[in-house]
Amino acid sequence: MANTPQRFLEKIREAKEKRLKELNLSNDWNTDDKEKLTEIPAEVFELEWLEVLNLSYNQLTTLPEAIADLQKLTSLDLSHNQLRTLPKAIARLQQLTSLNLSHNQLTILPQAIADLQKLTSLNLSYNQLTTLPQAIADLQKLTSLDLSDNQLTTLPQAIARLQQLTFLGLSDNQLTTLPQAITRLQQLTSLDLIGNQLTTLPKVIDRLQQLTSLNLSYNQLTTLPEAITRLPQLTSLDLSGNPIEKPPLEVVENGIEAIKHYFRQLKAQGTDYLYEAKLLIVGQGGAGKTTLAKKIEDQNYRLREEDSTKGIEVIRWSFSMENRRKFRVNIWDFGGQEIYHATHQFFLTKRSLYVLVADNRKEDTDFDYWLNVVELLSDNSPLLIIKNEKQDRHWEINELQLRGQFTNLKETLATNLATNRDLKKVLDKIKHYVKDLPHIGSPLPKTWVRVRQALESNPHNYIRLDEYLNICQQNGFTQRNDNLQLSSYLHDLGVCLHFQEDPLLNKTVILKPKWGTDAVYKVLDNEEVMRNLGRFTRSGLANIWREQEYTMMHDELLRLMINFKLCYEIPRSQGEYIAPQLLSADQPFYDWNPTNNLILRYTYEFMPKGIITQFIVVMHEFMNKQWKSGVVLSKDQTKAEVIEYYGKREIKIRVSGRHKRDLMTIVTHELDKIHKSYKLLKYNELIPCNCVTCKDSQEPQFYVLKELQQFIADKQDRIQCRNSYQMVNVSSLIDDVKDKSKLLKVKNNFMTERSKPEENSQPEVHRPSSQVSPAERGIALGMALAVLVLFIVLVLYPRAMESGTLAIIRFLAAVFAAISAYIMSGSLHLEAYVPLSKTYIKATGAFAAFVLVFLLFFYGIPASENSDKSKPISDANTTITAIASVNQQSDCT
């Protein structure tokens, strides 16, 4: 007992005196180890009436035999300790219903545990178990069994006898197959298999008729059995992180209902296959991309001086396969100019083949940029480097190094597009890799293939939704949901565009995406729009889109640009828009208070172009200043400066003003949403130090947020600043910058603010908060309290002051009350109810308080005995004379 912390001794003593049925001797995750128990105090085992005992987050290495003395225990929590074994005596806890042994170091489970016949919940997660004893099947009343994060490679067949089990956690083990015994757990509602090595699922999985949640993410599954659609209660199915081929990944990503529709149609309509792929050619402008595209289409194409590709050119190419079926390839030739880089994210699709064309004469190919952007935006799709060796000048690149860095780089090939040298070899390799794409050969319902062929032969650039539905009906579709599922599948493949969630665009199916992209680039390439630094009007679009093919589609095309975050409508300027990527590169001048700033940085391993322009579009409602690489936002008397330093692969945020953390939370929330749109983006969020040295510095020490979170997970609550060498609290570092608990509330407020009309047309809009700062509130309350105390004192001791002094006191009390009212009335948000500005409301409040308090002190506090209280006018004159006297003395001084 000598080493038992005093707080625990007091709890044990209280439980003994009051005969408490529950005893909590647990700690918080960040409690110092010296304050934790290393053994259970002997006095605990004297509390024979205990029913609930919590010993979590301690340093226990053994569980004594005396635990059996607690015969009435129903719940025992031993999680987050260092137990390696369990005593046999634990079997004598016959009333136990809940046992938590998670986060220990158990390697085996004793057979004796089978004697706990009333056990309903057993948590063994985060241990080192490699096997389970057969005896575990004797726990017939068990409803929850968590075995996550162990080293299990198999489960005993006897587990099938746990017929009351509703939850089974097996995530992060080493299972390669799902034991069929699990499928006999008839009451199972939740099955967690995250992070194992499963390659297949048993067809008898449909026996789990009560299953509502199945998590199979991050395994090695390539196909799903149709039986999975026969789980009538299944509402949650997670298959992320698996190399799924059947059903197509685009179907799987839409959830269990989409999978059910797919298998239903497959069964009803029969199976066919779609042999179609997308080939995307990228590289610097003038490298020979267009020439390669033409040569793929026609090897006899004769070289000529080609204009640089504007936006995207699409060429259709087909070749015959061994089974005599045609394989269709849509070749997308991308413009290499800088202006087009920010739009790559919308058109560089996954499950496609990429070709990077490099010019040997210029030797200006930025391999790092192009390989990174393809890896990032295409979900690691295969890529070929084709060296265009003009004049047969050989050119070596460090392919071995590039392969080590980019796993999707398949081969480097050389050709001379002028002479066709080795062109056939290049074409053969392209054919090989497009046929090997994961979605090629995936079984599809026959109706899907027929509709795809009908859409391909349709000469129009777009059709209305009802036309598309009619085509589907003509080709065997009977349900509207199936029609929309197919358009979603073709949209995800990049074959057509159908934005089903947009109330305007969902009425149109764009059959030829090039038509839409051409319209977008016509705006971005327009000389007048570029001269106006990205500014254009709805009426101006009539001239830009004057061709017949765009007639009647201006609204849809403009919405397409907005959906792609390529432009936004200027607030309070209806019909006027800005494309941020055409803004001036010059940073404008603006005032910035560097005192007491909140600073945060994002650094990137590779930084795709377009992050800051997307952010500008999202946050345009709060725009104060903007330029091509940065923006200043204003909200609630707070400013945020967000600047992209592309050369340094960094975005830096500074926030100044009244509600810094709230605005920082909004900014980082929107940036994080943009980051998530790039699935493979690697970046770090850097949190500033808050020690005395760094607190008000523009160059503080920064900590990587993930490292701080790891500190918390490892129960380390302090970290050293490299600038001051002080130890700072880890949790406070994070809390200073972002309040996660308020994120949803702040986000909702932000969206509400965006929907409100602005008060004026000035570019910088300050929306005063409905709250005053703590300092202002303190001053106001202090002054009000002073007035109240003074009034009470004078009422109790009315003859304490001479008339002159009393007159001054009256005046000062009224001034104090006015100042207090001026501060506090600004926080009441009365401008929402009266037709006055906030300034007038505060002035009125101050005046009213001054008059009220002055009269209260004048009539409520009698003057001294020498005063004539029946002469208030004379008394007022005395007040004025006293004040004048004070002013004269001040002037003399």
# chains A, B, ... in the order shown; residues from 1 in each chain; ligands from 1

call {"tool": "select_by_dssp", "arguments": {"residues": "range 361-603 of chain A", "states": "strand (DSSP E)", "output": "number ranges by chain"}}
result
A: 383-388, 409-415, 443-445, 462-464, 508-510, 535-537, 568-569, 576-578, 598-603

call {"tool": "closest_residue", "arguments": {"among": "A:Leu663, A:Leu122, A:Ile228, A:Val373", "to": "Tyr262 in chain A", "atoms": "only C-alpha atoms"}}
result
A:Ile228

call {"tool": "select_by_dssp", "arguments": {"residues": "range 409-572 of chain A", "states": "alpha helix (DSSP H)", "output": "PyMOL selection string"}}
result
chain A and resi 423-435+446-457+465-474+480-493+513-524+527-531+538-544+554-563

call {"tool": "closest_residue", "arguments": {"among": "A:Leu23, A:Ser352, A:Leu413, A:Pro110", "to": "Leu76 in chain A", "atoms": "only C-alpha atoms"}}
result
A:Leu23

call {"tool": "residues_around", "arguments": {"residues": "Thr365 in chain A", "least_positions_apart": "3", "cutoff": "8 Å", "atoms": "only C-alpha atoms", "output": "tab-separated table (two decimals) with all heavy atoms, in the first residue's frame"}}
result
chain	number	residue	atom	x	y	z
A	283	GLY	N	2.78	15.87	-71.26
A	283	GLY	CA	4.16	16.31	-71.45
A	283	GLY	C	4.22	17.80	-71.69
A	283	GLY	O	3.20	18.48	-71.74
A	284	GLN	N	5.44	18.32	-71.82
A	284	GLN	CA	5.63	19.75	-72.05
A	284	GLN	C	5.06	20.13	-73.41
A	284	GLN	O	4.99	19.30	-74.33
A	284	GLN	CB	7.11	20.12	-72.01
A	284	GLN	CG	7.84	19.71	-70.74
A	284	GLN	CD	7.31	20.39	-69.49
A	284	GLN	OE1	7.03	19.76	-68.49
A	284	GLN	NE2	7.18	21.70	-69.55
A	358	ALA	N	8.64	12.82	-74.11
A	358	ALA	CA	9.81	13.65	-73.78
A	358	ALA	C	10.57	13.97	-75.06
A	358	ALA	O	10.83	13.08	-75.88
A	358	ALA	CB	10.71	12.92	-72.79
A	359	ASP	N	10.93	15.23	-75.22
A	359	ASP	CA	11.66	15.71	-76.40
A	359	ASP	C	13.15	15.70	-76.11
A	359	ASP	O	13.62	16.40	-75.21
A	359	ASP	CB	11.18	17.13	-76.74
A	359	ASP	CG	11.78	17.66	-78.04
A	359	ASP	OD1	12.79	17.09	-78.49
A	359	ASP	OD2	11.23	18.62	-78.58
A	362	LYS	N	15.02	19.38	-76.70
A	362	LYS	CA	14.84	20.43	-75.69
A	362	LYS	C	15.34	19.98	-74.32
A	362	LYS	O	15.85	20.80	-73.54
A	362	LYS	CB	13.35	20.80	-75.58
A	362	LYS	CG	12.79	21.44	-76.85
A	362	LYS	CD	11.34	21.82	-76.63
A	362	LYS	CE	10.75	22.47	-77.87
A	362	LYS	NZ	9.32	22.83	-77.67

call {"tool": "atom_distance", "arguments": {"atom1": "CA of Met530 in chain A", "atom2": "CA of Ile281 in chain A"}}
result
26.5 Å

call {"tool": "closest_atom_pairs", "arguments": {"of": "range 119-163 of chain A", "to": "range 183-189 of chain A", "cutoff": "7 Å", "atoms": "only C-alpha atoms", "output": "JSON lines"}}
result
{"residue": "A:Ala160", "atom": "CA", "partner": "A:Arg184", "partner_atom": "CA", "distance": 5.6}
{"residue": "A:Leu162", "atom": "CA", "partner": "A:Leu185", "partner_atom": "CA", "distance": 6.8}
{"residue": "A:Gln163", "atom": "CA", "partner": "A:Leu185", "partner_atom": "CA", "distance": 5.5}

call {"tool": "residues_around", "arguments": {"residues": "Thr4 in chain A", "least_positions_apart": "5", "cutoff": "10 Å", "atoms": "only C-alpha atoms", "output": "ChimeraX atom specification"}}
result
/A:9,34-41

call {"tool": "write_last_selection", "arguments": {"atoms": "N, CA, C and O atoms", "output": "CSV table (one decimal), in the first residue's frame"}}
result
chain,number,residue,atom,x,y,z
A,9,LEU,N,-6.2,5.5,-2.5
A,9,LEU,CA,-6.5,5.1,-1.1
A,9,LEU,C,-7.8,5.7,-0.6
A,9,LEU,O,-8.6,5.0,0.1
A,34,LYS,N,4.2,7.4,-12.9
A,34,LYS,CA,4.5,7.3,-11.4
A,34,LYS,C,3.2,7.4,-10.6
A,34,LYS,O,3.2,7.0,-9.4
A,35,GLU,N,2.2,7.9,-11.2
A,35,GLU,CA,0.9,8.0,-10.5
A,35,GLU,C,0.0,6.8,-10.7
A,35,GLU,O,-1.2,6.8,-10.3
A,36,LYS,N,0.5,5.8,-11.4
A,36,LYS,CA,-0.3,4.6,-11.8
A,36,LYS,C,0.0,3.4,-10.8
A,36,LYS,O,1.0,3.4,-10.3
A,37,LEU,N,-1.0,2.5,-10.8
A,37,LEU,CA,-0.8,1.3,-10.0
A,37,LEU,C,0.1,0.3,-10.7
A,37,LEU,O,-0.1,0.1,-11.9
A,38,THR,N,1.0,-0.3,-9.9
A,38,THR,CA,1.8,-1.4,-10.4
A,38,THR,C,1.3,-2.7,-9.9
A,38,THR,O,1.7,-3.8,-10.4
A,39,GLU,N,0.5,-2.6,-8.9
A,39,GLU,CA,-0.2,-3.8,-8.3
A,39,GLU,C,-1.5,-3.4,-7.7
A,39,GLU,O,-1.7,-2.2,-7.3
A,40,ILE,N,-2.4,-4.3,-7.6
A,40,ILE,CA,-3.7,-4.0,-7.1
A,40,ILE,C,-3.6,-4.0,-5.5
A,40,ILE,O,-3.2,-5.0,-4.9
A,41,PRO,N,-4.0,-2.9,-4.9
A,41,PRO,CA,-3.9,-2.9,-3.4
A,41,PRO,C,-4.7,-4.0,-2.8
A,41,PRO,O,-5.8,-4.3,-3.2

call {"tool": "closest_residue", "arguments": {"among": "A:Pro594, A:Pro248, A:Gly534, A:Gly540", "to": "Ala579 in chain A", "atoms": "only C-alpha atoms"}}
result
A:Gly534

call {"tool": "residues_around", "arguments": {"residues": "range 514-519 of chain A", "least_positions_apart": "3", "cutoff": "9 Å", "atoms": "only C-alpha atoms", "output": "compact mmCIF listing (two decimals) with N, CA and C atoms, in the first residue's frame"}}
result
# COMPACT_ATOMS: atom_id res chain seq x y z
N LYS A 310 -4.58 23.31 -77.84
CA LYS A 310 -5.30 24.20 -76.94
C LYS A 310 -6.25 23.34 -76.13
N GLY A 311 -5.97 23.19 -74.86
CA GLY A 311 -6.83 22.37 -74.01
C GLY A 311 -6.60 20.89 -74.25
N ILE A 312 -7.57 20.23 -74.85
CA ILE A 312 -7.51 18.78 -75.05
C ILE A 312 -8.01 18.43 -76.45
N GLU A 313 -7.30 17.54 -77.09
CA GLU A 313 -7.78 16.95 -78.34
C GLU A 313 -8.07 15.48 -78.08
N VAL A 314 -9.17 14.97 -78.60
CA VAL A 314 -9.54 13.57 -78.42
C VAL A 314 -9.59 12.88 -79.77
N TRP A 332 -6.54 10.95 -75.43
CA TRP A 332 -6.67 12.34 -74.98
C TRP A 332 -5.29 13.00 -75.04
N PHE A 347 -9.56 15.80 -65.46
CA PHE A 347 -9.56 14.99 -66.67
C PHE A 347 -8.56 13.84 -66.64
N ASN A 461 -23.29 16.06 -79.28
CA ASN A 461 -22.34 16.32 -78.20
C ASN A 461 -22.98 16.04 -76.84
N TYR A 462 -24.27 16.25 -76.76
CA TYR A 462 -24.98 16.02 -75.50
C TYR A 462 -26.42 15.66 -75.83
N LEU A 497 -20.19 12.54 -69.32
CA LEU A 497 -20.31 13.33 -68.10
C LEU A 497 -21.78 13.46 -67.73
N ILE A 510 -23.63 14.62 -71.11
CA ILE A 510 -22.65 15.07 -72.10
C ILE A 510 -21.97 13.83 -72.70
N LEU A 511 -22.26 13.55 -73.95
CA LEU A 511 -21.75 12.33 -74.59
C LEU A 511 -20.28 12.46 -75.00
N LYS A 522 -12.13 27.57 -73.98
CA LYS A 522 -12.41 28.76 -74.77
C LYS A 522 -12.47 30.00 -73.87
N VAL A 523 -12.98 29.82 -72.67
CA VAL A 523 -13.04 30.94 -71.72
C VAL A 523 -11.64 31.25 -71.18
N ILE A 544 -18.07 34.43 -76.53
CA ILE A 544 -17.06 33.36 -76.45
C ILE A 544 -17.64 32.04 -76.94
N TRP A 545 -18.88 31.77 -76.58
CA TRP A 545 -19.55 30.53 -76.99
C TRP A 545 -20.57 30.83 -78.09
N GLU A 549 -22.94 24.95 -81.74
CA GLU A 549 -22.93 23.78 -80.84
C GLU A 549 -23.14 24.15 -79.37
N TYR A 550 -22.92 25.43 -79.04
CA TYR A 550 -23.08 25.86 -77.64
C TYR A 550 -24.40 26.60 -77.39
N LEU A 557 -22.92 25.02 -69.24
CA LEU A 557 -21.45 25.09 -69.37
C LEU A 557 -20.85 25.96 -68.26
N LEU A 560 -20.80 23.95 -65.25
CA LEU A 560 -19.70 22.99 -65.35
C LEU A 560 -18.41 23.61 -64.85

call {"tool": "residues_around", "arguments": {"residues": "Glu22 in chain A", "least_positions_apart": "2", "cutoff": "8 Å", "atoms": "only C-alpha atoms", "output": "ChimeraX atom specification"}}
result
/A:15,20,24,50-53

call {"tool": "residues_around", "arguments": {"residues": "range 442-444 of chain A", "least_positions_apart": "2", "cutoff": "12 Å", "atoms": "only C-alpha atoms", "output": "JSON, numbers by chain"}}
result
{"A": [222, 223, 244, 245, 246, 247, 248, 249, 250, 251, 259, 261, 262, 263, 264, 265, 266, 267, 268, 269, 270, 271, 272, 273, 274, 275, 276, 435, 436, 437, 438, 439, 440, 446, 447, 448, 449, 450, 451, 452, 486, 489]}

call {"tool": "decode", "arguments": {"residues": "range 574-596 of chain A", "atoms": "N, CA and C atoms", "output": "PDB file, in the first residue's frame"}}
result
ATOM      1  N   GLN A 574     -24.097  40.465 -59.787  1.00  0.00           N
ATOM      2  CA  GLN A 574     -24.752  39.356 -60.472  1.00  0.00           C
ATOM      3  C   GLN A 574     -24.365  39.328 -61.945  1.00  0.00           C
ATOM      4  N   GLY A 575     -24.037  38.140 -62.413  1.00  0.00           N
ATOM      5  CA  GLY A 575     -23.690  37.966 -63.819  1.00  0.00           C
ATOM      6  C   GLY A 575     -22.235  38.234 -64.131  1.00  0.00           C
ATOM      7  N   GLU A 576     -21.416  38.511 -63.106  1.00  0.00           N
ATOM      8  CA  GLU A 576     -19.985  38.731 -63.316  1.00  0.00           C
ATOM      9  C   GLU A 576     -19.203  37.645 -62.587  1.00  0.00           C
ATOM     10  N   TYR A 577     -18.145  37.153 -63.225  1.00  0.00           N
ATOM     11  CA  TYR A 577     -17.415  35.989 -62.723  1.00  0.00           C
ATOM     12  C   TYR A 577     -15.913  36.239 -62.795  1.00  0.00           C
ATOM     13  N   ILE A 578     -15.181  35.448 -62.008  1.00  0.00           N
ATOM     14  CA  ILE A 578     -13.713  35.502 -62.028  1.00  0.00           C
ATOM     15  C   ILE A 578     -13.168  34.079 -62.090  1.00  0.00           C
ATOM     16  N   ALA A 579     -12.206  33.862 -62.987  1.00  0.00           N
ATOM     17  CA  ALA A 579     -11.446  32.609 -63.048  1.00  0.00           C
ATOM     18  C   ALA A 579     -10.114  32.862 -62.342  1.00  0.00           C
ATOM     19  N   PRO A 580      -9.928  32.349 -61.102  1.00  0.00           N
ATOM     20  CA  PRO A 580      -8.766  32.726 -60.282  1.00  0.00           C
ATOM     21  C   PRO A 580      -7.408  32.404 -60.904  1.00  0.00           C
ATOM     22  N   GLN A 581      -7.327  31.382 -61.757  1.00  0.00           N
ATOM     23  CA  GLN A 581      -6.019  31.045 -62.307  1.00  0.00           C
ATOM     24  C   GLN A 581      -5.510  32.104 -63.283  1.00  0.00           C
ATOM     25  N   LEU A 582      -6.373  33.064 -63.679  1.00  0.00           N
ATOM     26  CA  LEU A 582      -5.958  34.146 -64.558  1.00  0.00           C
ATOM     27  C   LEU A 582      -5.743  35.453 -63.801  1.00  0.00           C
ATOM     28  N   LEU A 583      -5.806  35.407 -62.482  1.00  0.00           N
ATOM     29  CA  LEU A 583      -5.561  36.609 -61.672  1.00  0.00           C
ATOM     30  C   LEU A 583      -4.121  37.089 -61.841  1.00  0.00           C
ATOM     31  N   SER A 584      -3.889  38.310 -61.420  1.00  0.00           N
ATOM     32  CA  SER A 584      -2.536  38.859 -61.478  1.00  0.00           C
ATOM     33  C   SER A 584      -1.607  38.079 -60.553  1.00  0.00           C
ATOM     34  N   ALA A 585      -0.366  37.898 -60.994  1.00  0.00           N
ATOM     35  CA  ALA A 585       0.621  37.202 -60.163  1.00  0.00           C
ATOM     36  C   ALA A 585       1.182  38.121 -59.085  1.00  0.00           C
ATOM     37  N   ASP A 586       0.957  39.440 -59.223  1.00  0.00           N
ATOM     38  CA  ASP A 586       1.506  40.409 -58.265  1.00  0.00           C
ATOM     39  C   ASP A 586       0.659  40.436 -57.000  1.00  0.00           C
ATOM     40  N   GLN A 587       1.314  40.297 -55.860  1.00  0.00           N
ATOM     41  CA  GLN A 587       0.621  40.374 -54.574  1.00  0.00           C
ATOM     42  C   GLN A 587       0.298  41.826 -54.280  1.00  0.00           C
ATOM     43  N   PRO A 588      -0.975  42.181 -54.048  1.00  0.00           N
ATOM     44  CA  PRO A 588      -1.335  43.585 -53.782  1.00  0.00           C
ATOM     45  C   PRO A 588      -0.881  44.022 -52.393  1.00  0.00           C
ATOM     46  N   PHE A 589      -0.843  45.335 -52.190  1.00  0.00           N
ATOM     47  CA  PHE A 589      -0.514  45.862 -50.862  1.00  0.00           C
ATOM     48  C   PHE A 589      -1.763  45.841 -49.981  1.00  0.00           C
ATOM     49  N   TYR A 590      -1.581  45.495 -48.728  1.00  0.00           N
ATOM     50  CA  TYR A 590      -2.676  45.558 -47.771  1.00  0.00           C
ATOM     51  C   TYR A 590      -2.073  45.677 -46.376  1.00  0.00           C
ATOM     52  N   ASP A 591      -2.837  46.279 -45.477  1.00  0.00           N
ATOM     53  CA  ASP A 591      -2.383  46.421 -44.091  1.00  0.00           C
ATOM     54  C   ASP A 591      -2.507  45.079 -43.381  1.00  0.00           C
ATOM     55  N   TRP A 592      -1.507  44.768 -42.579  1.00  0.00           N
ATOM     56  CA  TRP A 592      -1.559  43.527 -41.788  1.00  0.00           C
ATOM     57  C   TRP A 592      -0.909  43.778 -40.440  1.00  0.00           C
ATOM     58  N   ASN A 593      -1.639  43.449 -39.389  1.00  0.00           N
ATOM     59  CA  ASN A 593      -1.112  43.588 -38.037  1.00  0.00           C
ATOM     60  C   ASN A 593      -0.385  42.293 -37.659  1.00  0.00           C
ATOM     61  N   PRO A 594       0.944  42.308 -37.546  1.00  0.00           N
ATOM     62  CA  PRO A 594       1.692  41.073 -37.275  1.00  0.00           C
ATOM     63  C   PRO A 594       1.675  40.649 -35.810  1.00  0.00           C
ATOM     64  N   THR A 595       0.986  41.407 -34.970  1.00  0.00           N
ATOM     65  CA  THR A 595       0.972  41.100 -33.543  1.00  0.00           C
ATOM     66  C   THR A 595      -0.028  39.998 -33.221  1.00  0.00           C
ATOM     67  N   ASN A 596       0.405  39.054 -32.397  1.00  0.00           N
ATOM     68  CA  ASN A 596      -0.486  38.007 -31.882  1.00  0.00           C
ATOM     69  C   ASN A 596      -1.205  37.252 -33.008  1.00  0.00           C
TER      70      ASN A 596
END
